[in-house]
Amino acid sequence: MKAVTTSPPPEPDPAPVDVVLPCLNEAEALPWVLARIPRGWRALVVDNGSTDGSAALAHSLGATVVREERRGFGAACHAGLLAATADIVCFCDCDASLDPSLLARFVREVHDGEADLVLGRRRPQGPGAWPAHARAGNLALARMLRRRTGLRLHDLGPLRAARRADLLALGLTDRRSGYPLQMVVRAADAGLRVAEHDVPYLPRTGVSKVTGTWRGTWQAVRDMRRVLAEPPAPANALSATATQGATTR
C-alpha cells in the first residue's frame with residue numbers, strides 16, 4: 001500500500017473543480033488518492049457496487065460519495081459528471097496508479113483557454129505498472145483513433161480535465177470501457193482542442209477490473225472498437241452543441 005504523503009498538494013487554480021473518481025473496491029488505495037486532491041477541489045467518489053467499505057471510507061475522508069448501481073466504468077464516470085457542479089471537471093482512476101495532484105496543470109490549461117480537453121499520457125514507473133497486453137491494446141486503439149479523427153495521441157488514459165458544459169454537450173452514451181474513447185472522438189468531431197501531457201503511471205493498488213487480464217483487455221478493446229465504428233455526428237450539430245455548452249460557462 002502506498003504511504004499517504006505528508007506534503008501538501010499544490011495550490012489549486014481559482015476555478016471551481018470537481019474530480020470524478022470511479023470506484024469499485026478501492027478501499028486500500030483511497031487514502032493515498034484523496035490525500036492528493038488539491039485543496040479547494042471536491043472529490044466525487046462514484047461507488048460502483050463496492051463490497052469492501054470503499055463508500056464509507058471515502059465519506060469519512062471528506063469525499064462526496066455518489067452511488068451508481070449500473071456496473072461499468074462509463075456508467076460510473078458519467079454519474080460523476082452528472083453529479084458535478086463545478087465549471088471544470090477532472091477524471092482520475094481511484095486505484096493509486098495516477099496522482100490526482102497532477103491535474104492542477106491540466107485545469108490551468110483549460111481555465112486559461114489553452115485547451116478544451118487535456119489528457120495524461122501514461123509513462124509506466126517500474127515493472128508491473130502497465131502490463132504488456134494492456135499497453136499493446138492501448139497502442140492499437142491510439143492508432144485507430146488517429147485514423148478516425150486525425151488526433152496524434154499516444155494514450156487514452158483516464159487522467160483528464162475539461163469544462164463540464166463541453167462534456168455534457170457531447171452527448172456521451174457509452175457506459176462501459178468505451179466511455180473514455182467516445183469522449184475523445186466526440187470532442188474531436190466537435191472541434192474541441194485536445195492536448196496530451198506525460199504523467200507517471202504507478203503500479204496500481206489491487207487488481208485491475210479491466211486491464212488486469214487478457215479477457216478484460218479484450219473486452220475493453222471490443223467496447224472501444226464499437227465506439228470507433230460509430231458514424232461521425234454531423235459537424236454542424238456537434239459544433240452547435242459545443243457552442244451552446246460554451247455559452248453556459
# chains A, B, ... in the order shown; residues from 1 in each chain; ligands from 1

$ residues_around --residues "Val33 (chain A)" --least-positions-apart "2" --cutoff "10 Å" --atoms "only C-alpha atoms" --output "PDB file with C-alpha atoms, in the first residue's frame"
ATOM      1  CA  LYS A   2       1.272   3.492  -0.836  1.00  0.00           C
ATOM      2  CA  VAL A   4      -0.017   8.828   2.421  1.00  0.00           C
ATOM      3  CA  THR A   5       2.180  11.819   1.694  1.00  0.00           C
ATOM      4  CA  LEU A  21     -13.144   9.078  -9.099  1.00  0.00           C
ATOM      5  CA  GLU A  26     -10.616   0.557  -3.817  1.00  0.00           C
ATOM      6  CA  GLU A  28      -6.786   0.237   0.100  1.00  0.00           C
ATOM      7  CA  ALA A  29      -5.980   2.989  -2.392  1.00  0.00           C
ATOM      8  CA  LEU A  30      -8.466   5.670  -1.315  1.00  0.00           C
ATOM      9  CA  PRO A  31      -6.422   7.322   1.482  1.00  0.00           C
ATOM     10  CA  ALA A  35      -4.783  12.969   0.113  1.00  0.00           C
ATOM     11  CA  ARG A  36      -3.505  14.110  -3.297  1.00  0.00           C
ATOM     12  CA  ILE A  37      -6.613  16.079  -4.305  1.00  0.00           C
ATOM     13  CA  ALA A  43     -13.581  14.740  -4.731  1.00  0.00           C
ATOM     14  CA  CYS A  92      -8.846  10.064 -12.333  1.00  0.00           C
ATOM     15  CA  ASP A  93      -8.690   6.365 -11.560  1.00  0.00           C
ATOM     16  CA  CYS A  94      -9.159   5.511  -7.898  1.00  0.00           C
ATOM     17  CA  ASP A  95      -6.517   2.760  -7.709  1.00  0.00           C
ATOM     18  CA  ALA A  96      -3.466   4.914  -6.819  1.00  0.00           C
ATOM     19  CA  SER A  97      -1.879   4.374 -10.246  1.00  0.00           C
ATOM     20  CA  LEU A  98      -2.213   8.078 -11.059  1.00  0.00           C
ATOM     21  CA  ASP A  99      -1.581  11.109  -8.863  1.00  0.00           C
ATOM     22  CA  PRO A 100      -4.585  13.484  -8.995  1.00  0.00           C
ATOM     23  CA  SER A 101      -2.409  16.432  -7.919  1.00  0.00           C
TER      24      SER A 101
END

$ select_by_dssp --residues "region 39-246 of chain A" --states "alpha helix (DSSP H)" --output "MDAnalysis selection string"
chainID A and resid 54:60 73:83 103:111 132:149 164:169 179:189 214:228 235:246

$ closest_residue --among "A:Arg193, A:Arg152, A:Arg176, A:Arg123" --to "Phe73 (chain A)" --atoms "only C-alpha atoms"
A:Arg176

$ atom_distance --atom1 "CA of Val46 (chain A)" --atom2 "CA of Leu192 (chain A)"
26.4 Å

$ select_by_dssp --residues "region 5-232 of chain A" --states "strand (DSSP E or B)" --output "PyMOL selection string"
chain A and resi 17-23+42-47+64-67+88-91+117-124+160-163+194-201

$ closest_residue --among "A:Arg164, A:Arg121, A:Arg105, A:Arg146" --to "Val199 (chain A)" --atoms "only C-alpha atoms"
A:Arg121

$ closest_residue --among "A:Cys23, A:Leu228, A:Leu34, A:Ala63" --to "Asn48 (chain A)" --atoms "only C-alpha atoms"
A:Cys23

$ residues_around --residues "Glu68 (chain A)" --least-positions-apart "4" --cutoff "12 Å" --atoms "only C-alpha atoms" --output "ChimeraX atom specification"
/A:21-24,44-50,55,72-83,175

$ write_last_selection --atoms "C-alpha atoms" --output "PDB file, in the first residue's frame"
ATOM      1  CA  LEU A  21     -13.144   9.078  -9.099  1.00  0.00           C
ATOM      2  CA  PRO A  22     -14.896   5.897 -10.327  1.00  0.00           C
ATOM      3  CA  CYS A  23     -14.560   3.357  -7.548  1.00  0.00           C
ATOM      4  CA  LEU A  24     -15.074  -0.401  -7.263  1.00  0.00           C
ATOM      5  CA  LEU A  44     -16.581  12.864  -6.154  1.00  0.00           C
ATOM      6  CA  VAL A  45     -16.083   9.178  -5.407  1.00  0.00           C
ATOM      7  CA  VAL A  46     -18.562   7.229  -7.534  1.00  0.00           C
ATOM      8  CA  ASP A  47     -19.149   3.907  -5.833  1.00  0.00           C
ATOM      9  CA  ASN A  48     -19.981   1.311  -8.468  1.00  0.00           C
ATOM     10  CA  GLY A  49     -21.050  -1.526  -6.178  1.00  0.00           C
ATOM     11  CA  SER A  50     -18.093  -1.863  -3.795  1.00  0.00           C
ATOM     12  CA  ALA A  55     -18.017   4.263   0.096  1.00  0.00           C
ATOM     13  CA  GLY A  72     -19.455  -0.218 -15.885  1.00  0.00           C
ATOM     14  CA  PHE A  73     -16.567   2.244 -15.989  1.00  0.00           C
ATOM     15  CA  GLY A  74     -18.507   4.596 -18.239  1.00  0.00           C
ATOM     16  CA  ALA A  75     -21.591   4.386 -16.039  1.00  0.00           C
ATOM     17  CA  ALA A  76     -19.541   5.449 -13.013  1.00  0.00           C
ATOM     18  CA  CYS A  77     -17.750   8.238 -14.867  1.00  0.00           C
ATOM     19  CA  HIS A  78     -20.950   9.655 -16.319  1.00  0.00           C
ATOM     20  CA  ALA A  79     -22.741   9.515 -12.962  1.00  0.00           C
ATOM     21  CA  GLY A  80     -19.893  11.608 -11.584  1.00  0.00           C
ATOM     22  CA  LEU A  81     -20.140  14.061 -14.475  1.00  0.00           C
ATOM     23  CA  LEU A  82     -23.880  14.476 -13.884  1.00  0.00           C
ATOM     24  CA  ALA A  83     -23.324  14.937 -10.139  1.00  0.00           C
ATOM     25  CA  ARG A 175     -21.411   3.205 -20.244  1.00  0.00           C
TER      26      ARG A 175
END

$ atom_distance --atom1 "CA of Ala56 (chain A)" --atom2 "CA of Ser177 (chain A)"
25.6 Å

$ closest_residue --among "A:Leu202, A:Ile88, A:Val20, A:Met224" --to "Ala129 (chain A)" --atoms "only C-alpha atoms"
A:Leu202

$ residues_around --residues "Ala27 (chain A)" --least-positions-apart "3" --cutoff "7 Å" --atoms "only C-alpha atoms" --output "list in words"
Leu30, Asp52, Gly53, Ser54 and Leu57 of chain A

$ closest_residue --among "A:Ala104, A:Val19, A:Ala162, A:Leu181" --to "Val65 (chain A)" --atoms "only C-alpha atoms"
A:Val19

$ atom_distance --atom1 "CA of Gly113 (chain A)" --atom2 "CA of Ala165 (chain A)"
14.2 Å
